[in-house]
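Colleague: The structure file target_39.cif (mmCIF, C-alpha atoms, pLDDT in the B column; chains and numbers go by the auth columns) is provided below.
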data_work
#
loop_
_atom_site.group_PDB
_atom_site.id
_atom_site.type_symbol
_atom_site.label_atom_id
_atom_site.label_comp_id
_atom_site.label_asym_id
_atom_site.label_seq_id
_atom_site.Cartn_x
_atom_site.Cartn_y
_atom_site.Cartn_z
_atom_site.B_iso_or_equiv
_atom_site.auth_seq_id
_atom_site.auth_asym_id
ATOM 1 C CA MET A 1 -53.898 -70.759 122.469 88.00 7 D
ATOM 2 C CA LEU A 2 -57.252 -69.995 124.120 90.00 8 D
ATOM 3 C CA ARG A 3 -58.748 -68.995 120.773 90.00 9 D
ATOM 4 C CA ALA A 4 -57.520 -72.270 119.281 92.00 10 D
ATOM 5 C CA CYS A 5 -59.158 -74.145 122.161 90.00 11 D
ATOM 6 C CA SER A 6 -62.388 -72.280 121.507 89.00 12 D
ATOM 7 C CA ARG A 7 -62.269 -73.243 117.818 91.00 13 D
ATOM 8 C CA VAL A 8 -61.774 -76.965 118.406 94.00 14 D
ATOM 9 C CA LEU A 9 -64.183 -77.451 121.312 95.00 15 D
ATOM 10 C CA LYS A 10 -67.782 -78.362 120.642 96.00 16 D
ATOM 11 C CA PRO A 11 -70.448 -75.873 121.713 96.00 17 D
ATOM 12 C CA GLY A 12 -71.213 -76.350 125.393 96.00 18 D
ATOM 13 C CA ALA A 13 -67.822 -77.933 126.122 97.00 19 D
ATOM 14 C CA LEU A 14 -66.113 -77.016 129.380 97.00 20 D
ATOM 15 C CA LEU A 15 -62.468 -75.956 129.445 96.00 21 D
ATOM 16 C CA SER A 16 -60.768 -76.105 132.841 95.00 22 D
ATOM 17 C CA PHE A 17 -57.176 -75.710 133.956 92.00 23 D
ATOM 18 C CA PHE A 18 -55.094 -74.737 136.976 92.00 24 D
ATOM 19 C CA VAL A 19 -52.569 -71.929 137.323 88.00 25 D
ATOM 20 C CA VAL A 20 -50.154 -71.091 140.110 87.00 26 D
ATOM 21 C CA ALA A 21 -49.813 -67.355 140.635 85.00 27 D
ATOM 22 C CA ALA A 22 -48.054 -64.945 142.915 84.00 28 D
ATOM 23 C CA ALA A 23 -50.325 -63.854 145.761 86.00 29 D
ATOM 24 C CA ASP A 24 -51.709 -60.318 145.756 83.00 30 D
ATOM 25 C CA GLY A 25 -48.933 -57.836 146.397 82.00 31 D
ATOM 26 C CA VAL A 26 -46.188 -60.330 145.534 80.00 32 D
ATOM 27 C CA SER A 27 -44.412 -60.275 142.196 69.00 33 D
ATOM 28 C CA ALA A 28 -43.261 -63.520 140.636 61.00 34 D
ATOM 29 C CA ARG A 29 -39.686 -62.178 140.851 66.00 35 D
ATOM 30 C CA ASP A 30 -40.058 -61.797 144.631 68.00 36 D
ATOM 31 C CA ILE A 31 -40.564 -65.523 145.033 66.00 37 D
ATOM 32 C CA ALA A 32 -36.967 -66.726 145.085 59.00 38 D
ATOM 33 C CA ALA A 33 -37.939 -70.350 145.723 50.00 39 D
ATOM 34 C CA GLY A 34 -41.019 -70.250 143.526 53.00 40 D
ATOM 35 C CA PRO A 35 -41.495 -72.419 140.477 55.00 41 D
ATOM 36 C CA GLU A 36 -40.568 -71.065 137.064 56.00 42 D
ATOM 37 C CA TYR A 37 -44.154 -71.375 135.827 57.00 43 D
ATOM 38 C CA VAL A 38 -45.671 -68.876 138.272 63.00 44 D
ATOM 39 C CA ASP A 39 -47.980 -66.377 136.595 62.00 45 D
ATOM 40 C CA ALA A 40 -47.543 -62.752 137.602 54.00 46 D
ATOM 41 C CA GLU A 41 -51.285 -62.361 137.996 56.00 47 D
ATOM 42 C CA PRO A 42 -54.364 -64.430 137.205 60.00 48 D
ATOM 43 C CA GLY A 43 -55.500 -62.454 134.140 82.00 49 D
ATOM 44 C CA TYR A 44 -57.082 -65.483 132.503 87.00 50 D
ATOM 45 C CA PRO A 45 -60.753 -64.514 132.965 89.00 51 D
ATOM 46 C CA LEU A 46 -60.269 -61.494 130.681 91.00 52 D
ATOM 47 C CA LEU A 47 -58.265 -63.546 128.193 91.00 53 D
ATOM 48 C CA MET A 48 -60.894 -66.275 128.111 92.00 54 D
ATOM 49 C CA THR A 49 -63.702 -63.807 127.579 93.00 55 D
ATOM 50 C CA ALA A 50 -61.707 -62.193 124.753 93.00 56 D
ATOM 51 C CA ALA A 51 -61.219 -65.665 123.228 93.00 57 D
ATOM 52 C CA GLY A 52 -64.994 -66.136 123.124 93.00 58 D
ATOM 53 C CA PHE A 53 -65.684 -68.246 126.210 96.00 59 D
ATOM 54 C CA ASP A 54 -68.742 -67.766 128.431 96.00 60 D
ATOM 55 C CA ASN A 55 -69.386 -68.431 132.110 96.00 61 D
ATOM 56 C CA VAL A 56 -65.753 -67.843 133.033 95.00 62 D
ATOM 57 C CA ASP A 57 -65.053 -68.803 136.635 94.00 63 D
ATOM 58 C CA LEU A 58 -61.910 -68.267 138.707 92.00 64 D
ATOM 59 C CA ALA A 59 -61.853 -70.261 141.949 94.00 65 D
ATOM 60 C CA GLU A 60 -59.000 -70.129 144.436 95.00 66 D
ATOM 61 C CA VAL A 61 -57.988 -73.658 145.460 97.00 67 D
ATOM 62 C CA THR A 62 -54.794 -72.902 147.365 97.00 68 D
ATOM 63 C CA ASP A 63 -55.645 -74.926 150.475 97.00 69 D
ATOM 64 C CA GLU A 64 -56.405 -77.977 148.372 97.00 70 D
ATOM 65 C CA TYR A 65 -53.157 -77.455 146.462 97.00 71 D
ATOM 66 C CA ALA A 66 -51.159 -77.320 149.697 97.00 72 D
ATOM 67 C CA ALA A 67 -52.781 -80.574 150.814 98.00 73 D
ATOM 68 C CA THR A 68 -51.993 -82.211 147.464 97.00 74 D
ATOM 69 C CA LEU A 69 -48.362 -81.055 147.543 96.00 75 D
ATOM 70 C CA SER A 70 -47.965 -82.334 151.095 98.00 76 D
ATOM 71 C CA THR A 71 -49.460 -85.717 150.198 98.00 77 D
ATOM 72 C CA SER A 72 -47.248 -85.949 147.112 97.00 78 D
ATOM 73 C CA ILE A 73 -44.113 -85.241 149.135 98.00 79 D
ATOM 74 C CA ARG A 74 -44.988 -87.876 151.739 98.00 80 D
ATOM 75 C CA ALA A 75 -45.904 -90.478 149.108 98.00 81 D
ATOM 76 C CA ARG A 76 -42.679 -89.923 147.192 98.00 82 D
ATOM 77 C CA ASP A 77 -40.663 -90.102 150.425 98.00 83 D
ATOM 78 C CA ALA A 78 -42.334 -93.426 151.214 98.00 84 D
ATOM 79 C CA GLU A 79 -41.267 -94.785 147.817 98.00 85 D
ATOM 80 C CA SER A 80 -37.899 -93.017 147.723 97.00 86 D
ATOM 81 C CA ALA A 81 -35.772 -96.124 147.116 97.00 87 D
ATOM 82 C CA GLU A 82 -37.778 -97.158 144.065 97.00 88 D
ATOM 83 C CA LEU A 83 -37.977 -93.612 142.731 97.00 89 D
ATOM 84 C CA GLU A 84 -34.239 -93.075 143.190 97.00 90 D
ATOM 85 C CA ASP A 85 -33.608 -96.279 141.213 97.00 91 D
ATOM 86 C CA LEU A 86 -35.937 -95.093 138.474 97.00 92 D
ATOM 87 C CA LEU A 87 -35.024 -91.390 138.332 97.00 93 D
ATOM 88 C CA GLY A 88 -31.584 -91.319 139.878 97.00 94 D
ATOM 89 C CA ALA A 89 -30.822 -90.005 143.354 97.00 95 D
ATOM 90 C CA ASP A 90 -30.020 -86.470 142.209 97.00 96 D
ATOM 91 C CA GLU A 91 -33.177 -86.019 140.138 97.00 97 D
ATOM 92 C CA PHE A 92 -35.339 -87.464 142.914 97.00 98 D
ATOM 93 C CA ALA A 93 -33.752 -85.161 145.513 97.00 99 D
ATOM 94 C CA GLU A 94 -34.092 -82.137 143.239 95.00 100 D
ATOM 95 C CA GLY A 95 -37.781 -82.857 142.631 95.00 101 D
ATOM 96 C CA GLN A 96 -38.515 -83.282 146.330 97.00 102 D
ATOM 97 C CA SER A 97 -36.619 -80.100 147.149 93.00 103 D
ATOM 98 C CA SER A 98 -38.603 -78.188 144.543 90.00 104 D
ATOM 99 C CA ARG A 99 -41.924 -79.523 145.891 93.00 105 D
ATOM 100 C CA ARG A 100 -40.929 -78.616 149.457 94.00 106 D
ATOM 101 C CA GLN A 101 -39.935 -75.086 148.399 89.00 107 D
ATOM 102 C CA GLU A 102 -43.212 -74.650 146.568 90.00 108 D
ATOM 103 C CA LEU A 103 -45.183 -75.922 149.565 93.00 109 D
ATOM 104 C CA ALA A 104 -43.313 -73.492 151.825 91.00 110 D
ATOM 105 C CA ALA A 105 -44.126 -70.624 149.440 89.00 111 D
ATOM 106 C CA VAL A 106 -47.812 -71.618 149.479 92.00 112 D
ATOM 107 C CA ARG A 107 -47.863 -71.840 153.277 94.00 113 D
ATOM 108 C CA ASP A 108 -46.042 -68.491 153.543 90.00 114 D
ATOM 109 C CA GLY A 109 -48.786 -66.886 151.454 90.00 115 D
ATOM 110 C CA LEU A 110 -46.549 -66.156 148.475 88.00 116 D
ATOM 111 C CA LEU A 111 -48.258 -68.475 145.981 90.00 117 D
ATOM 112 C CA VAL A 112 -51.904 -69.176 145.250 91.00 118 D
ATOM 113 C CA ARG A 113 -53.511 -71.691 142.930 93.00 119 D
ATOM 114 C CA TYR A 114 -56.589 -71.056 140.811 92.00 120 D
ATOM 115 C CA LEU A 115 -58.967 -73.336 138.960 94.00 121 D
ATOM 116 C CA ILE A 116 -60.182 -71.562 135.867 94.00 122 D
ATOM 117 C CA SER A 117 -63.101 -72.873 133.889 95.00 123 D
ATOM 118 C CA ALA A 118 -65.293 -71.592 131.083 96.00 124 D
ATOM 119 C CA VAL A 119 -67.811 -72.822 128.559 97.00 125 D
ATOM 120 C CA ARG A 120 -67.563 -72.603 124.803 96.00 126 D
ATOM 121 C CA PRO A 121 -70.814 -71.044 123.594 94.00 127 D
#
Can you turn what I pasted into structure tokens?
Modeller:
Amino acid sequence: MLRACSRVLKPGALLSFFVVAAADGVSARDIAAGPEYVDAEPGYPLLMTAAGFDNVDLAEVTDEYAATLSTSIRARDAESAELEDLLGADEFAEGQSSRRQELAAVRDGLLVRYLISAVRP
């Protein structure tokens, strides 16, 4: 996929994305409450270089992610009646539970979030 991105981007274009990964010393399997999309390790810089990208940068943004998750939980709680009408009570509750579990895993040091960016030469 990264090679395809490199092919379709114009020279000088910036590609950026976030990943959630298990913290150092923690395997994705060890995170019982963790999301299904947790990467085992942030190996993207090597993959991006191999795909032909330059100026690859990996920045940890875990604190900002925790703040965003917390804000999202509070905002959804504030609009719970409308969201339950729209999504259904079970789906709303499941989503909030998942966000709370993920936030707890971040606060417990089990999950980290990275911003990865690189330039197409």
Colleague: Which is closer to Asp63 of chain D than all the others in D:Leu15, D:Leu92, D:Ile122, D:Val26, using only C-alpha atoms?
Modeller: D:Ile122
Colleague: Please provide the set of residues having any atom within 7 Å of Tyr120 of chain D, restricted to only C-alpha atoms, with same-chain residues fewer than 3 positions apart removed, written as a list in words.
Modeller: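 Result of the neighbour search: Phe24, Val25, Val26, Leu64, Ala65, Glu66 and Val67 of chain D.
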Colleague: Kindly save the residues from that selection, with C-alpha atoms included, as a compact mmCIF listing (two decimals), keeping the file's coordinate frame.
Modeller:
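As a result, again_20.txt now contains:
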# COMPACT_ATOMS: atom_id res chain seq x y z
CA PHE D 24 -55.09 -74.74 136.98
CA VAL D 25 -52.57 -71.93 137.32
CA VAL D 26 -50.15 -71.09 140.11
CA LEU D 64 -61.91 -68.27 138.71
CA ALA D 65 -61.85 -70.26 141.95
CA GLU D 66 -59.00 -70.13 144.44
CA VAL D 67 -57.99 -73.66 145.46
Colleague: From the set D:Asn61, D:Ser78, D:Thr68, D:Ser12, which residue has the shortest atom-to-atom contact distance to Ser104 of chain D, counting only C-alpha atoms?
Modeller: D:Ser78
Colleague: Give me, please, the distance in Å between atom CA of Glu70 of chain D and atom CA of Gln107 of chain D, quoted to one decimal.
Modeller: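 Atom CA of Gln107 of chain D lies at a distance of 16.7 Å from atom CA of Glu70 of chain D.
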Colleague: Between D:Thr77, D:Leu21, D:Asp30, D:Ala99, which has the minimum distance to Leu116 of chain D (counting all atoms listed in the file)?
Modeller: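 Under the stated criterion, the closest residue is D:Asp30.
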Colleague: So what does the PyMOL selection byres ((chain D and resi 29) around 7) actually pick up in this one, as an mmCIF file with C-alpha atoms, keeping the file's coordinate frame?
Modeller:
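Wrote part13.cif, looks like this:
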data_model
loop_
_atom_site.group_PDB
_atom_site.id
_atom_site.type_symbol
_atom_site.label_atom_id
_atom_site.label_comp_id
_atom_site.auth_asym_id
_atom_site.auth_seq_id
_atom_site.Cartn_x
_atom_site.Cartn_y
_atom_site.Cartn_z
ATOM 1 C CA ALA D 27 -49.813 -67.355 140.635
ATOM 2 C CA ALA D 28 -48.054 -64.945 142.915
ATOM 3 C CA ASP D 30 -51.709 -60.318 145.756
ATOM 4 C CA GLY D 31 -48.933 -57.836 146.397
ATOM 5 C CA VAL D 32 -46.188 -60.330 145.534
ATOM 6 C CA GLY D 115 -48.786 -66.886 151.454
ATOM 7 C CA LEU D 116 -46.549 -66.156 148.475
ATOM 8 C CA LEU D 117 -48.258 -68.475 145.981
ATOM 9 C CA VAL D 118 -51.904 -69.176 145.250
#
Colleague: Report, in Å with one decimal, the straight-line distance from atom CA of Val125 of chain D to atom CA of Tyr71 of chain D.
Modeller: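 The value is 23.6 Å.
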Colleague: Could you check how far atom CA of Gly94 of chain D sits from atom CA of Leu75 of chain D, in Å to one decimal?
Modeller: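 Taking atom CA of Gly94 of chain D as the start and atom CA of Leu75 of chain D as the end point, the length is 21.1 Å.
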Colleague: Find the spatial neighbours of Ser22 of chain D, counting only C-alpha atoms, within a cut-off of 8 Å - ignore same-chain residues fewer than 4 positions away - and output them as a PyMOL selection string.
Modeller: chain D and resi 121-124
Colleague: Could you check which of D:Pro127, D:Pro51, D:Gly58, D:Gly101 is closest to Gly18 of chain D, using all atoms listed in the file?
Modeller: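 The closest residue to Gly18 of chain D is D:Pro127.
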